[in-house]
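Student: What follows is a single structure, and I will ask about it in a moment.
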Amino acid sequence: MSYLTVICPNYFEKNIIFILVINGFQFNQQFLNYILVGSGSGGSVLTNRLSKNPSINVLLLEAGERPALISEIPFLHMSALATKYNWDFPTVPSRRIAHSIKGRSFNLGAGKVLGGTPMLNHNLYVRGNRKDYDNWAKNGAIGWDWRNVFPYFLKSEDNRNRRIVKNGYHGVDGELIIQYPPFHTPMVRGYLRSAKAIGYSLGDYNAANQAVFMPPQGTINKGRRWSTLHAFINPVVGRRNLEIVTSAYVTKILIDEHNRAYGVLFDHYNKTFRAIAMREVIICAGTFNSPKLLMLSGIGPKEVLNKFRIPVKSDLPVGNNLIDHVSTLGLQFIVDTYTFKETRITKEDFTDILINGTGPLTSLGGVEVIGFANSKYNKDLDWPDLEIFWVSRSVSSDSVLREMSGAVEELEKIFEKYSYLDTITCIPNPTRVKSKGVVTLQSTDPYEYPLIDLNYFSHTDDLKVSVEGLKVCLQMASSKPMKKLGVRPLPYVIPGCEKYELFSDNYLGCMLIAFPLPAHHFAGTCKMGHPKDPTTVVDPTLKVKGVQNLRVVDASIIPIMIGGHTNIPTIMIAEKAADFILDDYFSSRNK
C-alpha cells in the first residue's frame with residue numbers, strides 16, 4: 001500500500017511538486033487535482049470515474065484498512081459489525097422511546113474499511129420509487145428528478161438475471177454485478193404466496209410498479225459480496241494517476257482566507273500530513289463523519305461553531321435533517337419448516353461459498369422477500385408508504401441478531417427461551433419518514449464521536465404508518481399459504497406492553513416504541529437543494545454553499561427519505577456527481 005510522505009504546501013505556485021513514496025520508490029507528480037475523503041459508495045465510484053482520465057490526478061484517503069475475508073460472506077455481515085471495520089457510532093440515550101433497549105441508545109453500523117459501509121450491509125439492491133426523486137426536484141433539488149437520475153442507475157448496473165433485465169429498467173454494462181442469491185429456504189414460496197393472498201402482485205420493485213413483492217436481488221457475484229470496492233476500486237488499483245492511502249484519518253478541511261478549500265490534514269500512523277488539491281476537495285465520509293468534518297473545519301451552524309470556538313467559514317445547517325427508516329424486530333413467528341440458524345452453519349457451508357459460490361452463507365443476511373405496500377393513510381397507490389421485509393431468522397433463534405438488537409436483559413431472556421424453535425421475522429419500514437434527528441459535535445477532538453440523536457417517532461405519522469405495516473405482516477402470516485407452513489405468532493409479550501390487548505393497534509405501537517430497530521439507511525445531514533433554501537448545505541451540483549472547491553458526495557446529501565435503501569442511490573449520486581466534476585474540469589481547461 002502506498003503512502004504519502006511529503007506534499008508541498010505552496011499551492012499557489014505554478015510548478016508544484018508532490019513527492020510520493022511507493023514501496024520505497026520515489027517519484028514526482030506536478031499536482032493533485034482532487035482529494036477524496038472516504039471510500040464508501042460515493043468515494044469508490046468517484047475514485048474510478050475521476051481517475052479514468054490520465055490527466056487527472058486523484059488521492060483517495062480512507063480511515064480504515066483493507067477488509068478481511070469475513071466481509072465477503074453475505075450472511076455473516078452482522079458478525080463483521082463486531083470488528084474494527086465498523087465505526088460503531090453510539091447515539092445519545094432516548095428520553096421518549098427504546099425502553100427495551102440497553103441504555104435506551106443504539107450502536108450504529110458504518111464501514112471503517114476500504115469500500116466503506118457496502119462492505120458491511122445486506123447487499124440488497126433497492127433503488128426507491130421514481131416519485132421519490134421527482135419529489136427531490138419538486139423541493140429544490142433541480143435536475144434530480146427520475147428522468148434525470150434513471151440513466152445513472154443504469155450506468156453502474158450489470159444485472160445478471162435475464163427475466164429482470166427484459167422489463168427495460170436495468171443495465172447490463174456496468175461494474176456493479178446484481179443478481180439473485182443462489183440459496184433460499186422453503187419459506188420463500190410461502191412469503192410470496194401470502195403476498196398474493198392479500199392482494200399484492202409479484203414483480204420487480206425496481207421497475208415500473210413498486211407495489212409488488214419479490215425475492216430481493218443483491219450486489220453479489222458467485223455467491224460472494226460484490227461491493228463498490230470490488231466493482232470500482234479494485235479494478236483501477238495501479239493507475240499511475242491514482243493514490244489510495246488507507247489508515248488515513250482526515251482531521252480537517254483546509255480553507256483559505258478567500259473561503260476556498262485547498263486541501264486536508266490527515267493522520268497516518270501517528271504522523272500528520274497536509275494534502276493539497278488544485279481543483280477540489282470532495283467529502284464522501286458518510287452521514288455522520290461528513291457533517292462532523294465540515295463542522296470541525298468551520299462549516300456548520302454558527303451557534304455550534306461558536307460554542308467550540310471554531311472560526312465560522314460558512315454558517316450552514318450541517319448535521320440537521322438526519323433521517324432513517326425505523327421498525328422493530330419484535331414481530332416473530334414460529335414455523336414448521338427450515339430457517340436460517342447460526343447453530344446449523346457447518347464447515348461444508350464455508351466450503352460451498354468459498355469454492356462453489358453456493359449454500360446458505362450466500363443468503364442476503366436472511367432477507368428472503370421484500371415488498372412494498374400501502375397503508376390506509378396513503379393516497380397514492382403508485383407511491384407505497386411501507387416496505388415489508390420477511391427474514392428467515394429472528395432475535396430468538398439467532399444470538400448474533402439478539403446481540404445486535406441491544407435488548408435489555410429481561411427481553412433477552414424471553415428470546416433465549418425460544419431459541420430452540422425455528423422462527424422468522426417480519427419487519428415493516430415506513431418509506432417516507434417524517435421524524436428528523438441531528439448530528440453535532442461534542443468537542444473539537446477529531447477522534448471523538450459526534451453526538452447523534454436519531455429522534456425516532458418524533459413525528460406521530462411515522463408510528464401510525466409503522467403500526468399499519470405490522471398489521472400487513474400479521475395479515476400475511478395468517479393467510480392460507482403461511483398457515484400451511486405452520487406459521488403462528490411467537491407467544492410472548494414485550495415488557496411494558498402487558499396492559500394492551502395482544503396485536504391490537506395500541507400493543508403494536510407499544511412494541512415499536514419499546515423495541516425500535518434502526519434500518520441503517522442514514523441520510524440527510526448535508527442536505528441538497530436550492531442554494532437559497534436556508535435548510536440546505538449543498539446546491540444541486542453538490543457544492544458546499546459559501547465555500548469554493550468543496551463538495552459532499554454521499555448519502556448525507558439526500559434531502560428527503562426515499563422508499564428504498566441508501567447504498568444504490570448513493571452510487572447513483574456519485575455517478576451524477578462525477579459528471580458535474582468532470583464537466584467543470586474540462587470547461588475550465590477549455591477557457
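Going through the C-alpha cells in order, the chains are called A, B, and so on, while each chain numbers its residues from 1 and the ligands are numbered from 1 in the order shown.
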Would you pick out the contacts of Phe340 of chain A at 8 Å or less, using only C-alpha atoms, so that residues sharing its chain but fewer than 6 positions from it are not included, and give the list as a PyMOL selection string?
Tutor: chain A and resi 185+360+366+392-393
Student: Can you pull out every residue within 6 Å of segment 551-567 of chain A, counting only C-alpha atoms, but drop anything in the same chain fewer than 6 positions away, and send it as a list of chain:residue names?
Tutor: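 Everything that qualifies: A:Gly42, A:Val126, A:Arg127, A:Gly128, A:Asn129, A:Asp132, A:Ile282, A:Ile283, A:Cys284, A:Gly286, A:Thr287, A:Thr431, A:Arg432, A:His521, A:Ala523, A:Gly524, A:Thr525, A:Cys526, A:Lys527, A:Met528, A:Leu542, A:Lys543, A:Val544.
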Student: To one decimal in Å, tell me the separation between atom CA of Leu124 of chain A and atom CA of Gly371 of chain A.
Tutor: 12.6 Å
Student: Determine the nearest neighbour of Met482 of chain A from the options A:Pro311, A:Pro186, A:Gly365, A:Gly218, counting only C-alpha atoms.
Tutor: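 Result for the nearest residue to Met482 of chain A: A:Pro186.
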Student: Need the shell around Leu120 of chain A: protein/DNA/RNA residues with any atom at most 6 Å away, counting only C-alpha atoms. Skip same-chain ones fewer than 2 positions apart. Format as a list in words?
Tutor: His77, Thr117 and Pro118 of chain A
Student: Pull all heavy atoms from the residues just selected and write them as a PDB file, in the first residue's frame.
Tutor:
```
ATOM      1  N   HIS A  77     -22.731 -10.726   7.533  1.00  0.00           N
ATOM      2  CA  HIS A  77     -22.426  -9.294   7.578  1.00  0.00           C
ATOM      3  C   HIS A  77     -22.572  -8.728   8.983  1.00  0.00           C
ATOM      4  O   HIS A  77     -21.847  -7.812   9.378  1.00  0.00           O
ATOM      5  CB  HIS A  77     -23.322  -8.523   6.594  1.00  0.00           C
ATOM      6  CG  HIS A  77     -24.719  -8.346   7.070  1.00  0.00           C
ATOM      7  ND1 HIS A  77     -25.163  -7.170   7.627  1.00  0.00           N
ATOM      8  CD2 HIS A  77     -25.769  -9.197   7.085  1.00  0.00           C
ATOM      9  CE1 HIS A  77     -26.428  -7.310   7.953  1.00  0.00           C
ATOM     10  NE2 HIS A  77     -26.822  -8.519   7.643  1.00  0.00           N
ATOM     11  N   THR A 117     -19.244   1.358   4.006  1.00  0.00           N
ATOM     12  CA  THR A 117     -20.402   0.614   4.512  1.00  0.00           C
ATOM     13  C   THR A 117     -20.882  -0.489   3.573  1.00  0.00           C
ATOM     14  O   THR A 117     -21.414  -1.500   4.054  1.00  0.00           O
ATOM     15  CB  THR A 117     -21.544   1.590   4.847  1.00  0.00           C
ATOM     16  OG1 THR A 117     -21.052   2.570   5.779  1.00  0.00           O
ATOM     17  CG2 THR A 117     -22.723   0.873   5.474  1.00  0.00           C
ATOM     18  N   PRO A 118     -20.723  -0.377   2.246  1.00  0.00           N
ATOM     19  CA  PRO A 118     -21.100  -1.511   1.391  1.00  0.00           C
ATOM     20  C   PRO A 118     -20.365  -2.808   1.708  1.00  0.00           C
ATOM     21  O   PRO A 118     -20.747  -3.863   1.217  1.00  0.00           O
ATOM     22  CB  PRO A 118     -20.741  -1.007  -0.016  1.00  0.00           C
ATOM     23  CG  PRO A 118     -20.881   0.462   0.059  1.00  0.00           C
ATOM     24  CD  PRO A 118     -20.399   0.821   1.436  1.00  0.00           C
TER      25      PRO A 118
END
```
Student: Enumerate, as a ChimeraX atom specification, the complete set of residues in segment 208-307 of chain A that a backbone-based DSSP assignment places in strand (DSSP E).
Tutor: /A:212-214,220-221,224-225,242-245,248-255,261-268,271-276,280-283,299-300
Student: Go through A:Tyr180, A:Ser156, A:Asn549, A:Phe457 and flag the residue nearest Asp256 of chain A, using only C-alpha atoms for the distances.
Tutor: A:Asn549
Student: For a quick check of understanding, using only C-alpha atoms, which of A:Met572, A:Ala578, A:Val472, A:Gly40 has the smallest distance to Lys52 of chain A?
Tutor: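 Selected residue with least distance to Lys52 of chain A: A:Ala578.
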Student: I'd like the neighbourhood of Asn161 of chain A as a list in words, where a residue qualifies if any of its atoms comes within 9 Å (using only C-alpha atoms), though same-chain residues fewer than 4 positions away should be ignored.
Tutor: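 In the requested form, the answer reads Val165, Lys166, Ile178, Gln179, Tyr180 and Gln217 of chain A.
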Student: Go ahead and dump the residues you just picked, N, CA, C and O atoms, as a PDB file, in the first residue's frame.
Tutor:
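Result file follows (result_18.pdb):
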```
ATOM      1  N   VAL A 165     -33.970  -8.214 -16.509  1.00  0.00           N
ATOM      2  CA  VAL A 165     -33.445  -7.264 -17.493  1.00  0.00           C
ATOM      3  C   VAL A 165     -34.461  -6.988 -18.593  1.00  0.00           C
ATOM      4  O   VAL A 165     -34.553  -5.865 -19.113  1.00  0.00           O
ATOM      5  N   LYS A 166     -35.266  -7.987 -18.937  1.00  0.00           N
ATOM      6  CA  LYS A 166     -36.225  -7.852 -20.033  1.00  0.00           C
ATOM      7  C   LYS A 166     -37.270  -6.765 -19.797  1.00  0.00           C
ATOM      8  O   LYS A 166     -37.882  -6.279 -20.748  1.00  0.00           O
ATOM      9  N   ILE A 178     -25.353  -7.429 -10.200  1.00  0.00           N
ATOM     10  CA  ILE A 178     -26.613  -7.581  -9.466  1.00  0.00           C
ATOM     11  C   ILE A 178     -27.266  -8.890  -9.879  1.00  0.00           C
ATOM     12  O   ILE A 178     -27.396  -9.178 -11.066  1.00  0.00           O
ATOM     13  N   GLN A 179     -27.707  -9.685  -8.895  1.00  0.00           N
ATOM     14  CA  GLN A 179     -28.421 -10.919  -9.216  1.00  0.00           C
ATOM     15  C   GLN A 179     -29.064 -11.503  -7.962  1.00  0.00           C
ATOM     16  O   GLN A 179     -28.834 -11.024  -6.844  1.00  0.00           O
ATOM     17  N   TYR A 180     -29.901 -12.514  -8.172  1.00  0.00           N
ATOM     18  CA  TYR A 180     -30.483 -13.230  -7.041  1.00  0.00           C
ATOM     19  C   TYR A 180     -29.414 -14.072  -6.352  1.00  0.00           C
ATOM     20  O   TYR A 180     -28.522 -14.609  -7.016  1.00  0.00           O
ATOM     21  N   GLN A 217     -32.894  -8.989  -5.211  1.00  0.00           N
ATOM     22  CA  GLN A 217     -31.589  -9.134  -5.839  1.00  0.00           C
ATOM     23  C   GLN A 217     -30.544  -8.467  -4.948  1.00  0.00           C
ATOM     24  O   GLN A 217     -30.858  -7.596  -4.139  1.00  0.00           O
TER      25      GLN A 217
END
```
Student: Can you pull out every residue within 10 Å of segment 486-491 of chain A, counting only C-alpha atoms, but drop anything in the same chain fewer than 4 positions away, and send it as a list in words?
Tutor: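 Final neighbour list, sorted by chain and number: Met187, Gly190, Gly330, Leu331, Gln332, Phe333, Ile334, Val335, Asp336, Thr337, Ser396, Phe415, Tyr418, Leu421, Thr423, Ile424, Thr425, Leu474, Met476, Ala477, Ser478, Ser479, Lys480, Pro481, Met482, Leu502 and Phe503 of chain A.
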Student: Could you save the residues just selected, with N, CA and C atoms, as an mmCIF file, in the first residue's frame?
Tutor:
```
data_model
loop_
_atom_site.group_PDB
_atom_site.id
_atom_site.type_symbol
_atom_site.label_atom_id
_atom_site.label_comp_id
_atom_site.auth_asym_id
_atom_site.auth_seq_id
_atom_site.Cartn_x
_atom_site.Cartn_y
_atom_site.Cartn_z
ATOM 1 N N MET A 187 -39.183 -21.209 2.920
ATOM 2 C CA MET A 187 -40.138 -20.185 3.335
ATOM 3 C C MET A 187 -40.463 -19.193 2.227
ATOM 4 N N GLY A 190 -43.801 -19.498 0.578
ATOM 5 C CA GLY A 190 -44.890 -19.083 1.450
ATOM 6 C C GLY A 190 -45.019 -17.571 1.537
ATOM 7 N N GLY A 330 -39.488 -7.078 16.848
ATOM 8 C CA GLY A 330 -40.350 -7.724 17.834
ATOM 9 C C GLY A 330 -41.397 -8.669 17.291
ATOM 10 N N LEU A 331 -41.749 -8.549 16.008
ATOM 11 C CA LEU A 331 -42.824 -9.382 15.465
ATOM 12 C C LEU A 331 -42.240 -10.664 14.875
ATOM 13 N N GLN A 332 -42.285 -11.735 15.671
ATOM 14 C CA GLN A 332 -41.685 -13.013 15.290
ATOM 15 C C GLN A 332 -42.752 -14.097 15.186
ATOM 16 N N PHE A 333 -42.445 -15.087 14.352
ATOM 17 C CA PHE A 333 -43.399 -16.177 14.128
ATOM 18 C C PHE A 333 -42.661 -17.518 14.177
ATOM 19 N N ILE A 334 -43.321 -18.513 14.744
ATOM 20 C CA ILE A 334 -42.820 -19.891 14.717
ATOM 21 C C ILE A 334 -43.222 -20.511 13.384
ATOM 22 N N VAL A 335 -42.349 -21.361 12.823
ATOM 23 C CA VAL A 335 -42.674 -22.079 11.590
ATOM 24 C C VAL A 335 -42.323 -23.546 11.763
ATOM 25 N N ASP A 336 -42.918 -24.367 10.906
ATOM 26 C CA ASP A 336 -42.649 -25.804 10.955
ATOM 27 C C ASP A 336 -41.760 -26.246 9.800
ATOM 28 N N THR A 337 -40.895 -25.345 9.343
ATOM 29 C CA THR A 337 -40.001 -25.699 8.248
ATOM 30 C C THR A 337 -38.635 -25.081 8.505
ATOM 31 N N SER A 396 -34.798 -14.439 18.409
ATOM 32 C CA SER A 396 -34.913 -15.611 19.284
ATOM 33 C C SER A 396 -33.996 -16.735 18.833
ATOM 34 N N PHE A 415 -36.325 -14.045 24.730
ATOM 35 C CA PHE A 415 -35.929 -14.532 23.403
ATOM 36 C C PHE A 415 -35.167 -15.850 23.500
ATOM 37 N N TYR A 418 -36.917 -19.210 23.568
ATOM 38 C CA TYR A 418 -37.466 -19.783 22.333
ATOM 39 C C TYR A 418 -36.376 -20.091 21.308
ATOM 40 N N LEU A 421 -36.504 -23.054 18.723
ATOM 41 C CA LEU A 421 -37.527 -23.091 17.679
ATOM 42 C C LEU A 421 -37.005 -22.512 16.367
ATOM 43 N N THR A 423 -37.808 -19.836 13.872
ATOM 44 C CA THR A 423 -38.617 -18.617 13.911
ATOM 45 C C THR A 423 -38.199 -17.667 12.795
ATOM 46 N N ILE A 424 -39.158 -16.848 12.371
ATOM 47 C CA ILE A 424 -38.935 -15.863 11.310
ATOM 48 C C ILE A 424 -39.395 -14.497 11.813
ATOM 49 N N THR A 425 -39.028 -13.459 11.073
ATOM 50 C CA THR A 425 -39.349 -12.095 11.474
ATOM 51 C C THR A 425 -39.960 -11.342 10.303
ATOM 52 N N LEU A 474 -48.985 -9.278 9.975
ATOM 53 C CA LEU A 474 -49.914 -10.211 10.629
ATOM 54 C C LEU A 474 -50.925 -10.775 9.641
ATOM 55 N N MET A 476 -50.451 -11.197 6.390
ATOM 56 C CA MET A 476 -49.751 -12.172 5.559
ATOM 57 C C MET A 476 -49.506 -13.465 6.334
ATOM 58 N N ALA A 477 -49.127 -13.347 7.601
ATOM 59 C CA ALA A 477 -48.830 -14.530 8.416
ATOM 60 C C ALA A 477 -50.055 -15.395 8.643
ATOM 61 N N SER A 478 -51.223 -14.785 8.622
ATOM 62 C CA SER A 478 -52.459 -15.538 8.866
ATOM 63 C C SER A 478 -53.115 -16.035 7.587
ATOM 64 N N SER A 479 -52.464 -15.804 6.447
ATOM 65 C CA SER A 479 -53.015 -16.274 5.172
ATOM 66 C C SER A 479 -52.866 -17.793 5.057
ATOM 67 N N LYS A 480 -53.632 -18.397 4.161
ATOM 68 C CA LYS A 480 -53.609 -19.848 3.989
ATOM 69 C C LYS A 480 -52.222 -20.384 3.617
ATOM 70 N N PRO A 481 -51.498 -19.730 2.679
ATOM 71 C CA PRO A 481 -50.163 -20.261 2.336
ATOM 72 C C PRO A 481 -49.211 -20.318 3.525
ATOM 73 N N MET A 482 -49.320 -19.340 4.440
ATOM 74 C CA MET A 482 -48.431 -19.347 5.597
ATOM 75 C C MET A 482 -48.904 -20.350 6.641
ATOM 76 N N LEU A 502 -53.082 -8.146 22.981
ATOM 77 C CA LEU A 502 -52.029 -8.615 22.093
ATOM 78 C C LEU A 502 -52.396 -8.362 20.629
ATOM 79 N N PHE A 503 -51.491 -7.697 19.924
ATOM 80 C CA PHE A 503 -51.596 -7.374 18.496
ATOM 81 C C PHE A 503 -52.668 -6.335 18.177
#
```
Student: Which of these residues is nearest to Lys376 of chain A, using only C-alpha atoms: A:Val312, A:Val465, A:Ile244, A:Leu329?
Tutor: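 Nearest to Lys376 of chain A: A:Val465.
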Student: Using only C-alpha atoms, which of the listed residues (A:Ser100, A:Val149, A:Ala195, A:Asn48) sits closest to Gly238 of chain A?
Tutor: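 Selected residue with least distance to Gly238 of chain A: A:Asn48.
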Student: Quick one: everything within 9 Å of segment 314-318 of chain A, counting only C-alpha atoms, minus sequence neighbours fewer than 6 positions away in the same chain. Send it as a ChimeraX atom specification.
Tutor: /A:259,291-292,294-295,298-303,305,438-440,525-527,534-537,544-547
Student: Please dump the current selection as an mmCIF file, in the first residue's frame; keep N, CA, C and O atoms.
Tutor:
```cif
data_model
loop_
_atom_site.group_PDB
_atom_site.id
_atom_site.type_symbol
_atom_site.label_atom_id
_atom_site.label_comp_id
_atom_site.auth_asym_id
_atom_site.auth_seq_id
_atom_site.Cartn_x
_atom_site.Cartn_y
_atom_site.Cartn_z
ATOM 1 N N ASN A 259 -12.146 31.748 1.473
ATOM 2 C CA ASN A 259 -13.129 30.656 1.585
ATOM 3 C C ASN A 259 -13.026 29.661 0.437
ATOM 4 O O ASN A 259 -14.027 29.200 -0.111
ATOM 5 N N PRO A 291 -20.683 15.477 8.144
ATOM 6 C CA PRO A 291 -21.034 16.699 8.890
ATOM 7 C C PRO A 291 -20.045 16.999 10.009
ATOM 8 O O PRO A 291 -19.756 18.164 10.288
ATOM 9 N N LYS A 292 -19.510 15.959 10.650
ATOM 10 C CA LYS A 292 -18.525 16.197 11.710
ATOM 11 C C LYS A 292 -17.298 16.903 11.154
ATOM 12 O O LYS A 292 -16.814 17.894 11.729
ATOM 13 N N LEU A 294 -17.040 18.673 8.390
ATOM 14 C CA LEU A 294 -17.389 20.040 7.973
ATOM 15 C C LEU A 294 -17.406 20.983 9.170
ATOM 16 O O LEU A 294 -16.843 22.089 9.118
ATOM 17 N N MET A 295 -18.041 20.554 10.255
ATOM 18 C CA MET A 295 -18.128 21.420 11.434
ATOM 19 C C MET A 295 -16.753 21.675 12.049
ATOM 20 O O MET A 295 -16.452 22.805 12.446
ATOM 21 N N GLY A 298 -15.130 24.502 10.300
ATOM 22 C CA GLY A 298 -15.746 25.828 10.294
ATOM 23 C C GLY A 298 -16.972 25.966 9.425
ATOM 24 O O GLY A 298 -17.410 27.089 9.139
ATOM 25 N N ILE A 299 -17.552 24.840 9.007
ATOM 26 C CA ILE A 299 -18.752 24.863 8.176
ATOM 27 C C ILE A 299 -19.878 24.193 8.950
ATOM 28 O O ILE A 299 -19.848 22.979 9.182
ATOM 29 N N GLY A 300 -20.854 24.970 9.384
ATOM 30 C CA GLY A 300 -21.933 24.415 10.184
ATOM 31 C C GLY A 300 -22.731 25.511 10.850
ATOM 32 O O GLY A 300 -22.536 26.713 10.579
ATOM 33 N N PRO A 301 -23.648 25.142 11.746
ATOM 34 C CA PRO A 301 -24.450 26.144 12.460
ATOM 35 C C PRO A 301 -23.541 27.024 13.322
ATOM 36 O O PRO A 301 -22.737 26.501 14.107
ATOM 37 N N LYS A 302 -23.653 28.325 13.174
ATOM 38 C CA LYS A 302 -22.713 29.212 13.862
ATOM 39 C C LYS A 302 -22.801 29.080 15.375
ATOM 40 O O LYS A 302 -21.790 29.241 16.071
ATOM 41 N N GLU A 303 -23.992 28.722 15.900
ATOM 42 C CA GLU A 303 -24.105 28.584 17.346
ATOM 43 C C GLU A 303 -23.287 27.392 17.847
ATOM 44 O O GLU A 303 -22.705 27.418 18.930
ATOM 45 N N LEU A 305 -20.535 26.159 16.184
ATOM 46 C CA LEU A 305 -19.136 26.515 15.980
ATOM 47 C C LEU A 305 -18.656 27.513 17.032
ATOM 48 O O LEU A 305 -17.537 27.395 17.552
ATOM 49 N N VAL A 438 -30.533 14.704 14.576
ATOM 50 C CA VAL A 438 -29.466 15.697 14.416
ATOM 51 C C VAL A 438 -28.116 15.067 14.748
ATOM 52 O O VAL A 438 -28.017 14.177 15.610
ATOM 53 N N VAL A 439 -27.091 15.519 14.032
ATOM 54 C CA VAL A 439 -25.702 15.158 14.313
ATOM 55 C C VAL A 439 -24.956 16.443 14.645
ATOM 56 O O VAL A 439 -25.047 17.420 13.897
ATOM 57 N N THR A 440 -24.234 16.453 15.757
ATOM 58 C CA THR A 440 -23.479 17.641 16.122
ATOM 59 C C THR A 440 -22.172 17.243 16.804
ATOM 60 O O THR A 440 -21.891 16.051 16.979
ATOM 61 N N THR A 525 -27.863 14.675 6.415
ATOM 62 C CA THR A 525 -27.222 15.640 7.311
ATOM 63 C C THR A 525 -26.451 16.748 6.589
ATOM 64 O O THR A 525 -26.016 17.705 7.224
ATOM 65 N N CYS A 526 -26.258 16.620 5.273
ATOM 66 C CA CYS A 526 -25.696 17.705 4.452
ATOM 67 C C CYS A 526 -26.659 17.918 3.285
ATOM 68 O O CYS A 526 -26.321 17.754 2.116
ATOM 69 N N LYS A 527 -27.859 18.282 3.613
ATOM 70 C CA LYS A 527 -28.995 18.301 2.697
ATOM 71 C C LYS A 527 -28.729 19.080 1.412
ATOM 72 O O LYS A 527 -28.198 20.180 1.423
ATOM 73 N N PRO A 534 -32.718 27.976 3.108
ATOM 74 C CA PRO A 534 -31.882 28.028 4.323
ATOM 75 C C PRO A 534 -31.696 26.687 5.007
ATOM 76 O O PRO A 534 -30.858 26.561 5.904
ATOM 77 N N THR A 535 -32.447 25.644 4.589
ATOM 78 C CA THR A 535 -32.292 24.320 5.205
ATOM 79 C C THR A 535 -31.257 23.463 4.489
ATOM 80 O O THR A 535 -30.991 22.340 4.914
ATOM 81 N N THR A 536 -30.651 23.976 3.402
ATOM 82 C CA THR A 536 -29.735 23.162 2.611
ATOM 83 C C THR A 536 -28.273 23.493 2.898
ATOM 84 O O THR A 536 -27.919 24.601 3.290
ATOM 85 N N VAL A 537 -27.432 22.504 2.657
ATOM 86 C CA VAL A 537 -25.979 22.625 2.861
ATOM 87 C C VAL A 537 -25.247 22.650 1.527
ATOM 88 O O VAL A 537 -24.277 23.388 1.351
ATOM 89 N N VAL A 544 -20.642 22.786 -1.621
ATOM 90 C CA VAL A 544 -20.981 23.333 -0.313
ATOM 91 C C VAL A 544 -21.187 24.840 -0.436
ATOM 92 O O VAL A 544 -20.342 25.545 -1.010
ATOM 93 N N LYS A 545 -22.289 25.317 0.068
ATOM 94 C CA LYS A 545 -22.620 26.729 -0.063
ATOM 95 C C LYS A 545 -21.640 27.589 0.740
ATOM 96 O O LYS A 545 -21.341 27.289 1.898
ATOM 97 N N GLY A 546 -21.139 28.631 0.117
ATOM 98 C CA GLY A 546 -20.270 29.574 0.810
ATOM 99 C C GLY A 546 -18.803 29.210 0.826
ATOM 100 O O GLY A 546 -17.988 29.975 1.336
ATOM 101 N N VAL A 547 -18.449 28.036 0.276
ATOM 102 C CA VAL A 547 -17.051 27.602 0.242
ATOM 103 C C VAL A 547 -16.743 27.091 -1.164
ATOM 104 O O VAL A 547 -17.442 26.225 -1.680
#
```
Student: Which residue, A:Asn139, A:Trp87, A:Arg279, A:Gly174, has the smallest gap to Lys532 of chain A when you use only C-alpha atoms?
Tutor: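 Between A:Asn139, A:Trp87, A:Arg279, A:Gly174, the residue approaching Lys532 of chain A most closely is A:Asn139.
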Student: At what distance in Å, to one decimal, does atom CA of Val37 of chain A lie from atom CA of Asn241 of chain A?
Tutor: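 If I compute the distance from atom CA of Asn241 of chain A to atom CA of Val37 of chain A, I get 16.6 Å.
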Student: Any idea what's packed within 12 Å of Leu354 of chain A, counting only C-alpha atoms, ignoring anything in its chain fewer than 2 positions away? Could you give it as a count of residues only?
Tutor: 23
Student: From segment 307-402 of chain A, collect each residue whose DSSP state is alpha helix (DSSP H) and return the set as an MDAnalysis selection string.
Tutor: chainID A and resid 307 347:351 399:402
